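Structure first, then comments.
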Amino acid sequence: MRKLFMLLLMLLPVVARAEPLVILPIKLLDTSNEAKDQVQDHQRRLDLMASVLAEELPGTVLGREEVQAACVRETTDCLIDLLKSRGAERGVFIVVQKSSTLILQIFANEVDVGQGRLVTHRELNFRGDNDEAWRRAGRFLARQLREAG
């Protein structure tokens with residue numbers, strides 16, 4: 001009986017930290033070739049979109065530092081292992097491509113972490129490189145992911 005109790009105590013932290021949905025840090029691929037340095041604005045907007053997704057789905061957003069510490073090269077296998085270690089059931093991978101001043105695309109993949117398979121793939125376009133456009137795109141993407149699931 002004591003061994004069973006000790007085993008349950010050891011498993012408790014794993015159960016307590018299980019997270020149904022984990023959103024990896026959103027990546028930006030900027031192919032717009034604009035002269036103005038927008039790195040800080042884009043980083044803020046990536047964080048804004050991630051927080052909108054976390055509120056709308058709901059989910060947990062992994063910090064860039066945590067991902068970088070665990071997966072220096074950010075390979076798919078390493079990221080899936082990181083999601084597993086967090087107790088995630090599903091993970092969301094997102095890349096935003098800025099192709100021009102006004103046109104951006106979102107490529108989003110939701111995976112079943114346990115089975116290692118793609119659950120949902122969405123490709124969306126949005127217009128405007130400002131906070132409100134990114135916020136709206138985040139809400140729309142969240143709705144698309146909810147409806148697909």
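Going by the structure tokens order, chains are called A, B, ..., each with residues numbered from 1, while ligands are numbered from 1 in the order shown.
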Could you build a table of the residues in stretch 101-134 of chain A lying no more than 12 Å from stretch 25-29 of chain A, giving for each the nearest pair of atoms and their separation in Å rounded to one decimal place, using only C-alpha atoms, ordered by chain and ascending residue number, as CSV?
```
residue,atom,partner,partner_atom,distance
A:Leu104,CA,A:Leu29,CA,9.7
A:Gln105,CA,A:Leu29,CA,9.7
A:Ile106,CA,A:Leu28,CA,9.3
A:Phe107,CA,A:Lys27,CA,9.9
A:Ala108,CA,A:Ile26,CA,9.4
A:Asn109,CA,A:Ile26,CA,11.3
```
Write the residues of the selection above to a file with all heavy atoms, as a PDB file, in the first residue's frame.
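File produced: part24.pdb:
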```
ATOM      1  N   LEU A 104      -0.181  39.425 -45.609  1.00  0.00           N
ATOM      2  CA  LEU A 104       0.454  38.435 -44.743  1.00  0.00           C
ATOM      3  C   LEU A 104      -0.336  37.135 -44.815  1.00  0.00           C
ATOM      4  O   LEU A 104      -1.551  37.160 -45.015  1.00  0.00           O
ATOM      5  CB  LEU A 104       0.510  38.932 -43.299  1.00  0.00           C
ATOM      6  CG  LEU A 104       1.343  40.194 -43.087  1.00  0.00           C
ATOM      7  CD1 LEU A 104       0.477  41.426 -43.076  1.00  0.00           C
ATOM      8  CD2 LEU A 104       2.132  40.098 -41.803  1.00  0.00           C
ATOM      9  N   GLN A 105       0.351  36.023 -44.666  1.00  0.00           N
ATOM     10  CA  GLN A 105      -0.276  34.702 -44.663  1.00  0.00           C
ATOM     11  C   GLN A 105       0.057  34.010 -43.343  1.00  0.00           C
ATOM     12  O   GLN A 105       1.140  34.201 -42.794  1.00  0.00           O
ATOM     13  CB  GLN A 105       0.231  33.822 -45.807  1.00  0.00           C
ATOM     14  CG  GLN A 105      -0.118  34.306 -47.185  1.00  0.00           C
ATOM     15  CD  GLN A 105       0.885  35.289 -47.744  1.00  0.00           C
ATOM     16  OE1 GLN A 105       2.052  35.259 -47.421  1.00  0.00           O
ATOM     17  NE2 GLN A 105       0.420  36.186 -48.584  1.00  0.00           N
ATOM     18  N   ILE A 106      -0.883  33.204 -42.891  1.00  0.00           N
ATOM     19  CA  ILE A 106      -0.671  32.383 -41.702  1.00  0.00           C
ATOM     20  C   ILE A 106      -0.722  30.925 -42.130  1.00  0.00           C
ATOM     21  O   ILE A 106      -1.655  30.508 -42.811  1.00  0.00           O
ATOM     22  CB  ILE A 106      -1.756  32.625 -40.636  1.00  0.00           C
ATOM     23  CG1 ILE A 106      -1.791  34.091 -40.198  1.00  0.00           C
ATOM     24  CG2 ILE A 106      -1.538  31.704 -39.429  1.00  0.00           C
ATOM     25  CD1 ILE A 106      -2.950  34.417 -39.280  1.00  0.00           C
ATOM     26  N   PHE A 107       0.279  30.169 -41.711  1.00  0.00           N
ATOM     27  CA  PHE A 107       0.308  28.726 -41.913  1.00  0.00           C
ATOM     28  C   PHE A 107       0.273  28.100 -40.526  1.00  0.00           C
ATOM     29  O   PHE A 107       1.210  28.278 -39.744  1.00  0.00           O
ATOM     30  CB  PHE A 107       1.571  28.311 -42.667  1.00  0.00           C
ATOM     31  CG  PHE A 107       1.714  29.009 -43.992  1.00  0.00           C
ATOM     32  CD1 PHE A 107       2.435  30.189 -44.107  1.00  0.00           C
ATOM     33  CD2 PHE A 107       1.107  28.492 -45.130  1.00  0.00           C
ATOM     34  CE1 PHE A 107       2.559  30.838 -45.321  1.00  0.00           C
ATOM     35  CE2 PHE A 107       1.223  29.140 -46.357  1.00  0.00           C
ATOM     36  CZ  PHE A 107       1.946  30.317 -46.448  1.00  0.00           C
ATOM     37  N   ALA A 108      -0.806  27.409 -40.217  1.00  0.00           N
ATOM     38  CA  ALA A 108      -0.981  26.844 -38.877  1.00  0.00           C
ATOM     39  C   ALA A 108      -1.204  25.343 -38.964  1.00  0.00           C
ATOM     40  O   ALA A 108      -2.002  24.870 -39.786  1.00  0.00           O
ATOM     41  CB  ALA A 108      -2.160  27.511 -38.168  1.00  0.00           C
ATOM     42  N   ASN A 109      -0.492  24.609 -38.112  1.00  0.00           N
ATOM     43  CA  ASN A 109      -0.654  23.163 -38.010  1.00  0.00           C
ATOM     44  C   ASN A 109      -0.936  22.801 -36.561  1.00  0.00           C
ATOM     45  O   ASN A 109      -0.180  23.185 -35.667  1.00  0.00           O
ATOM     46  CB  ASN A 109       0.605  22.426 -38.468  1.00  0.00           C
ATOM     47  CG  ASN A 109       0.815  22.540 -39.950  1.00  0.00           C
ATOM     48  OD1 ASN A 109      -0.121  22.418 -40.721  1.00  0.00           O
ATOM     49  ND2 ASN A 109       2.041  22.782 -40.357  1.00  0.00           N
TER      50      ASN A 109
END
```
Run DSSP on the backbone and grab whatever in stretch 34-126 of chain A lands in alpha helix (DSSP H); send it over as a PyMOL selection string.
chain A and resi 39-56+64-70+76-85
Would you mind exporting the chosen residues as a short mmCIF file (atom, residue, chain, number, x, y, z; two decimals), in the first residue's frame, restricted to N, CA and C atoms?
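Produced file again_8.cif, reproduced below:
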```cif
data_model
loop_
_atom_site.label_atom_id
_atom_site.label_comp_id
_atom_site.auth_asym_id
_atom_site.auth_seq_id
_atom_site.Cartn_x
_atom_site.Cartn_y
_atom_site.Cartn_z
N VAL A 39 11.61 44.78 -36.58
CA VAL A 39 11.80 43.60 -35.75
C VAL A 39 11.04 43.73 -34.43
N GLN A 40 11.16 44.85 -33.75
CA GLN A 40 10.48 45.01 -32.46
C GLN A 40 8.96 45.03 -32.63
N ASP A 41 8.47 45.74 -33.65
CA ASP A 41 7.02 45.76 -33.90
C ASP A 41 6.50 44.37 -34.21
N HIS A 42 7.23 43.63 -35.03
CA HIS A 42 6.78 42.29 -35.38
C HIS A 42 6.83 41.35 -34.19
N GLN A 43 7.86 41.46 -33.36
CA GLN A 43 7.94 40.59 -32.18
C GLN A 43 6.75 40.85 -31.25
N ARG A 44 6.41 42.11 -31.08
CA ARG A 44 5.25 42.46 -30.25
C ARG A 44 3.98 41.88 -30.86
N ARG A 45 3.86 41.94 -32.18
CA ARG A 45 2.65 41.43 -32.83
C ARG A 45 2.58 39.91 -32.80
N LEU A 46 3.71 39.24 -32.88
CA LEU A 46 3.72 37.79 -32.73
C LEU A 46 3.24 37.40 -31.34
N ASP A 47 3.71 38.12 -30.33
CA ASP A 47 3.27 37.87 -28.95
C ASP A 47 1.79 38.19 -28.79
N LEU A 48 1.33 39.25 -29.43
CA LEU A 48 -0.08 39.63 -29.38
C LEU A 48 -0.95 38.53 -29.97
N MET A 49 -0.56 38.02 -31.12
CA MET A 49 -1.34 36.96 -31.76
C MET A 49 -1.35 35.70 -30.88
N ALA A 50 -0.21 35.36 -30.29
CA ALA A 50 -0.15 34.18 -29.42
C ALA A 50 -1.07 34.35 -28.21
N SER A 51 -1.09 35.54 -27.62
CA SER A 51 -1.96 35.74 -26.45
C SER A 51 -3.43 35.70 -26.84
N VAL A 52 -3.77 36.22 -28.02
CA VAL A 52 -5.16 36.14 -28.50
C VAL A 52 -5.56 34.68 -28.68
N LEU A 53 -4.68 33.89 -29.28
CA LEU A 53 -4.96 32.47 -29.47
C LEU A 53 -5.15 31.75 -28.14
N ALA A 54 -4.27 32.05 -27.18
CA ALA A 54 -4.36 31.41 -25.86
C ALA A 54 -5.67 31.75 -25.17
N GLU A 55 -6.14 32.97 -25.33
CA GLU A 55 -7.41 33.38 -24.71
C GLU A 55 -8.60 32.75 -25.43
N GLU A 56 -8.54 32.69 -26.73
CA GLU A 56 -9.68 32.23 -27.52
C GLU A 56 -9.84 30.71 -27.55
N ARG A 64 9.55 31.74 -25.75
CA ARG A 64 10.69 31.52 -26.65
C ARG A 64 11.90 30.98 -25.91
N GLU A 65 12.13 31.50 -24.71
CA GLU A 65 13.30 31.08 -23.93
C GLU A 65 13.22 29.61 -23.57
N GLU A 66 12.04 29.15 -23.19
CA GLU A 66 11.86 27.73 -22.84
C GLU A 66 12.11 26.85 -24.06
N VAL A 67 11.59 27.25 -25.19
CA VAL A 67 11.77 26.46 -26.41
C VAL A 67 13.25 26.46 -26.81
N GLN A 68 13.88 27.62 -26.78
CA GLN A 68 15.29 27.72 -27.17
C GLN A 68 16.18 26.90 -26.24
N ALA A 69 15.87 26.89 -24.95
CA ALA A 69 16.67 26.12 -23.99
C ALA A 69 16.53 24.62 -24.22
N ALA A 70 15.33 24.20 -24.59
CA ALA A 70 15.08 22.77 -24.78
C ALA A 70 15.44 22.27 -26.18
N THR A 76 11.47 19.38 -35.50
CA THR A 76 10.13 18.91 -35.20
C THR A 76 10.14 17.85 -34.10
N ASP A 77 11.06 16.90 -34.18
CA ASP A 77 11.13 15.84 -33.16
C ASP A 77 11.37 16.42 -31.78
N CYS A 78 12.29 17.38 -31.69
CA CYS A 78 12.59 17.98 -30.40
C CYS A 78 11.38 18.76 -29.87
N LEU A 79 10.71 19.49 -30.74
CA LEU A 79 9.55 20.27 -30.31
C LEU A 79 8.41 19.36 -29.86
N ILE A 80 8.20 18.25 -30.55
CA ILE A 80 7.17 17.28 -30.12
C ILE A 80 7.55 16.70 -28.76
N ASP A 81 8.82 16.36 -28.57
CA ASP A 81 9.27 15.85 -27.26
C ASP A 81 9.04 16.89 -26.17
N LEU A 82 9.30 18.15 -26.47
CA LEU A 82 9.05 19.22 -25.50
C LEU A 82 7.57 19.30 -25.15
N LEU A 83 6.71 19.21 -26.16
CA LEU A 83 5.27 19.23 -25.91
C LEU A 83 4.86 18.04 -25.05
N LYS A 84 5.42 16.88 -25.33
CA LYS A 84 5.12 15.69 -24.52
C LYS A 84 5.54 15.89 -23.08
N SER A 85 6.72 16.47 -22.89
CA SER A 85 7.22 16.69 -21.52
C SER A 85 6.34 17.67 -20.75
#
```
Residue neighbourhood A:Phe126, 12 Å, only C-alpha atoms, exclusion window fewer than 4 positions, as a PDB file with N, CA, C and O atoms, in the first residue's frame:
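Result saved to out13.pdb:
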```
ATOM      1  N   VAL A  96       3.914  32.961 -39.703  1.00  0.00           N
ATOM      2  CA  VAL A  96       3.308  34.064 -40.429  1.00  0.00           C
ATOM      3  C   VAL A  96       4.327  34.521 -41.463  1.00  0.00           C
ATOM      4  O   VAL A  96       5.484  34.774 -41.126  1.00  0.00           O
ATOM      5  N   GLN A  97       3.901  34.608 -42.715  1.00  0.00           N
ATOM      6  CA  GLN A  97       4.780  35.121 -43.760  1.00  0.00           C
ATOM      7  C   GLN A  97       4.274  36.489 -44.188  1.00  0.00           C
ATOM      8  O   GLN A  97       3.120  36.653 -44.569  1.00  0.00           O
ATOM      9  N   LYS A  98       5.176  37.462 -44.107  1.00  0.00           N
ATOM     10  CA  LYS A  98       4.864  38.800 -44.598  1.00  0.00           C
ATOM     11  C   LYS A  98       5.460  38.919 -45.987  1.00  0.00           C
ATOM     12  O   LYS A  98       6.674  38.972 -46.147  1.00  0.00           O
ATOM     13  N   SER A  99       4.579  38.923 -46.997  1.00  0.00           N
ATOM     14  CA  SER A  99       5.075  38.948 -48.365  1.00  0.00           C
ATOM     15  C   SER A  99       5.146  40.354 -48.941  1.00  0.00           C
ATOM     16  O   SER A  99       5.858  40.576 -49.913  1.00  0.00           O
ATOM     17  N   SER A 100       4.394  41.290 -48.344  1.00  0.00           N
ATOM     18  CA  SER A 100       4.474  42.686 -48.769  1.00  0.00           C
ATOM     19  C   SER A 100       4.026  43.566 -47.613  1.00  0.00           C
ATOM     20  O   SER A 100       3.663  43.065 -46.545  1.00  0.00           O
ATOM     21  N   THR A 101       3.999  44.842 -47.851  1.00  0.00           N
ATOM     22  CA  THR A 101       3.615  45.780 -46.799  1.00  0.00           C
ATOM     23  C   THR A 101       2.229  45.489 -46.247  1.00  0.00           C
ATOM     24  O   THR A 101       1.982  45.660 -45.063  1.00  0.00           O
ATOM     25  N   LEU A 102       1.333  45.030 -47.082  1.00  0.00           N
ATOM     26  CA  LEU A 102      -0.054  44.847 -46.659  1.00  0.00           C
ATOM     27  C   LEU A 102      -0.539  43.404 -46.644  1.00  0.00           C
ATOM     28  O   LEU A 102      -1.619  43.134 -46.144  1.00  0.00           O
ATOM     29  N   ILE A 103       0.202  42.477 -47.188  1.00  0.00           N
ATOM     30  CA  ILE A 103      -0.294  41.108 -47.335  1.00  0.00           C
ATOM     31  C   ILE A 103       0.534  40.151 -46.479  1.00  0.00           C
ATOM     32  O   ILE A 103       1.754  40.084 -46.604  1.00  0.00           O
ATOM     33  N   LEU A 104      -0.181  39.425 -45.609  1.00  0.00           N
ATOM     34  CA  LEU A 104       0.454  38.435 -44.743  1.00  0.00           C
ATOM     35  C   LEU A 104      -0.336  37.135 -44.815  1.00  0.00           C
ATOM     36  O   LEU A 104      -1.551  37.160 -45.015  1.00  0.00           O
ATOM     37  N   GLN A 105       0.351  36.023 -44.666  1.00  0.00           N
ATOM     38  CA  GLN A 105      -0.276  34.702 -44.663  1.00  0.00           C
ATOM     39  C   GLN A 105       0.057  34.010 -43.343  1.00  0.00           C
ATOM     40  O   GLN A 105       1.140  34.201 -42.794  1.00  0.00           O
ATOM     41  N   ILE A 106      -0.883  33.204 -42.891  1.00  0.00           N
ATOM     42  CA  ILE A 106      -0.671  32.383 -41.702  1.00  0.00           C
ATOM     43  C   ILE A 106      -0.722  30.925 -42.130  1.00  0.00           C
ATOM     44  O   ILE A 106      -1.655  30.508 -42.811  1.00  0.00           O
ATOM     45  N   PHE A 107       0.279  30.169 -41.711  1.00  0.00           N
ATOM     46  CA  PHE A 107       0.308  28.726 -41.913  1.00  0.00           C
ATOM     47  C   PHE A 107       0.273  28.100 -40.526  1.00  0.00           C
ATOM     48  O   PHE A 107       1.210  28.278 -39.744  1.00  0.00           O
ATOM     49  N   ASN A 130      -0.439  45.872 -38.773  1.00  0.00           N
ATOM     50  CA  ASN A 130      -0.609  46.683 -37.575  1.00  0.00           C
ATOM     51  C   ASN A 130      -1.232  45.819 -36.490  1.00  0.00           C
ATOM     52  O   ASN A 130      -1.681  44.696 -36.753  1.00  0.00           O
ATOM     53  N   GLU A 132      -4.038  45.870 -34.799  1.00  0.00           N
ATOM     54  CA  GLU A 132      -5.433  45.453 -34.953  1.00  0.00           C
ATOM     55  C   GLU A 132      -5.580  44.348 -36.000  1.00  0.00           C
ATOM     56  O   GLU A 132      -6.338  43.402 -35.806  1.00  0.00           O
ATOM     57  N   ALA A 133      -4.857  44.434 -37.098  1.00  0.00           N
ATOM     58  CA  ALA A 133      -4.923  43.382 -38.123  1.00  0.00           C
ATOM     59  C   ALA A 133      -4.431  42.052 -37.555  1.00  0.00           C
ATOM     60  O   ALA A 133      -5.035  40.998 -37.809  1.00  0.00           O
ATOM     61  N   TRP A 134      -3.354  42.083 -36.794  1.00  0.00           N
ATOM     62  CA  TRP A 134      -2.820  40.851 -36.205  1.00  0.00           C
ATOM     63  C   TRP A 134      -3.795  40.297 -35.159  1.00  0.00           C
ATOM     64  O   TRP A 134      -3.977  39.085 -35.062  1.00  0.00           O
ATOM     65  N   ARG A 135      -4.418  41.173 -34.376  1.00  0.00           N
ATOM     66  CA  ARG A 135      -5.383  40.732 -33.363  1.00  0.00           C
ATOM     67  C   ARG A 135      -6.565  40.041 -34.048  1.00  0.00           C
ATOM     68  O   ARG A 135      -6.985  38.948 -33.634  1.00  0.00           O
ATOM     69  N   ARG A 136      -7.098  40.668 -35.086  1.00  0.00           N
ATOM     70  CA  ARG A 136      -8.235  40.078 -35.816  1.00  0.00           C
ATOM     71  C   ARG A 136      -7.848  38.741 -36.451  1.00  0.00           C
ATOM     72  O   ARG A 136      -8.632  37.792 -36.440  1.00  0.00           O
ATOM     73  N   ALA A 137      -6.655  38.692 -37.025  1.00  0.00           N
ATOM     74  CA  ALA A 137      -6.191  37.442 -37.636  1.00  0.00           C
ATOM     75  C   ALA A 137      -6.079  36.343 -36.580  1.00  0.00           C
ATOM     76  O   ALA A 137      -6.428  35.187 -36.840  1.00  0.00           O
ATOM     77  N   GLY A 138      -5.607  36.688 -35.390  1.00  0.00           N
ATOM     78  CA  GLY A 138      -5.514  35.717 -34.301  1.00  0.00           C
ATOM     79  C   GLY A 138      -6.878  35.188 -33.902  1.00  0.00           C
ATOM     80  O   GLY A 138      -7.061  33.977 -33.695  1.00  0.00           O
ATOM     81  N   ARG A 139      -7.861  36.078 -33.793  1.00  0.00           N
ATOM     82  CA  ARG A 139      -9.218  35.654 -33.446  1.00  0.00           C
ATOM     83  C   ARG A 139      -9.811  34.746 -34.523  1.00  0.00           C
ATOM     84  O   ARG A 139     -10.449  33.741 -34.226  1.00  0.00           O
ATOM     85  N   PHE A 140      -9.595  35.124 -35.792  1.00  0.00           N
ATOM     86  CA  PHE A 140     -10.123  34.322 -36.892  1.00  0.00           C
ATOM     87  C   PHE A 140      -9.465  32.942 -36.925  1.00  0.00           C
ATOM     88  O   PHE A 140     -10.142  31.923 -37.096  1.00  0.00           O
ATOM     89  N   LEU A 141      -8.156  32.899 -36.726  1.00  0.00           N
ATOM     90  CA  LEU A 141      -7.455  31.617 -36.701  1.00  0.00           C
ATOM     91  C   LEU A 141      -7.958  30.752 -35.554  1.00  0.00           C
ATOM     92  O   LEU A 141      -8.184  29.549 -35.729  1.00  0.00           O
TER      93      LEU A 141
END
```
Extract the full set of strand (DSSP E) residues from chain A according to DSSP on the backbone, and format it as number ranges by chain.
A: 19-23, 27-30, 60-61, 88-98, 103-112, 117-127
Quick one: residues within 12 Å of A:Leu21, only C-alpha atoms counted, chain neighbours fewer than 3 positions away excluded, as a PDB file with C-alpha atoms, in the first residue's frame?
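Output file selection07.pdb is given in full below:
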```pdb
ATOM      1  CA  ARG A  17       0.733  19.988 -15.243  1.00  0.00           C
ATOM      2  CA  ALA A  18      -1.008  18.281 -18.161  1.00  0.00           C
ATOM      3  CA  LEU A  24       4.547  27.120 -29.687  1.00  0.00           C
ATOM      4  CA  LEU A  53      -4.963  32.468 -29.474  1.00  0.00           C
ATOM      5  CA  ALA A  54      -4.358  31.407 -25.862  1.00  0.00           C
ATOM      6  CA  GLU A  55      -7.410  33.378 -24.714  1.00  0.00           C
ATOM      7  CA  GLU A  56      -9.684  32.233 -27.521  1.00  0.00           C
ATOM      8  CA  LEU A  57      -8.881  28.503 -27.620  1.00  0.00           C
ATOM      9  CA  PRO A  58      -7.855  28.327 -24.559  1.00  0.00           C
ATOM     10  CA  GLY A  59      -4.290  27.167 -24.513  1.00  0.00           C
ATOM     11  CA  THR A  60      -0.897  27.765 -23.016  1.00  0.00           C
ATOM     12  CA  VAL A  61       1.787  29.653 -24.899  1.00  0.00           C
ATOM     13  CA  LEU A  62       5.337  28.386 -24.541  1.00  0.00           C
ATOM     14  CA  LEU A  83       5.272  19.232 -25.911  1.00  0.00           C
ATOM     15  CA  LYS A  84       5.119  15.690 -24.525  1.00  0.00           C
ATOM     16  CA  ARG A  86       4.718  19.473 -20.836  1.00  0.00           C
ATOM     17  CA  GLY A  87       1.873  16.959 -20.885  1.00  0.00           C
ATOM     18  CA  ALA A  88       0.344  18.515 -23.999  1.00  0.00           C
ATOM     19  CA  GLU A  89      -2.357  16.610 -25.816  1.00  0.00           C
ATOM     20  CA  ARG A  90      -2.184  18.912 -28.851  1.00  0.00           C
ATOM     21  CA  GLY A  91       0.348  21.432 -30.108  1.00  0.00           C
ATOM     22  CA  VAL A  92      -0.025  24.336 -32.498  1.00  0.00           C
ATOM     23  CA  PHE A  93       2.801  25.351 -34.851  1.00  0.00           C
ATOM     24  CA  GLU A 110      -2.316  21.534 -35.031  1.00  0.00           C
ATOM     25  CA  VAL A 111      -0.864  18.144 -34.114  1.00  0.00           C
ATOM     26  CA  ASP A 112      -1.933  15.331 -31.842  1.00  0.00           C
ATOM     27  CA  VAL A 113       1.167  15.046 -29.678  1.00  0.00           C
ATOM     28  CA  LEU A 145      -9.020  25.836 -35.157  1.00  0.00           C
ATOM     29  CA  ARG A 146     -11.996  25.487 -32.788  1.00  0.00           C
ATOM     30  CA  GLY A 149     -11.532  20.309 -33.729  1.00  0.00           C
TER      31      GLY A 149
END
```
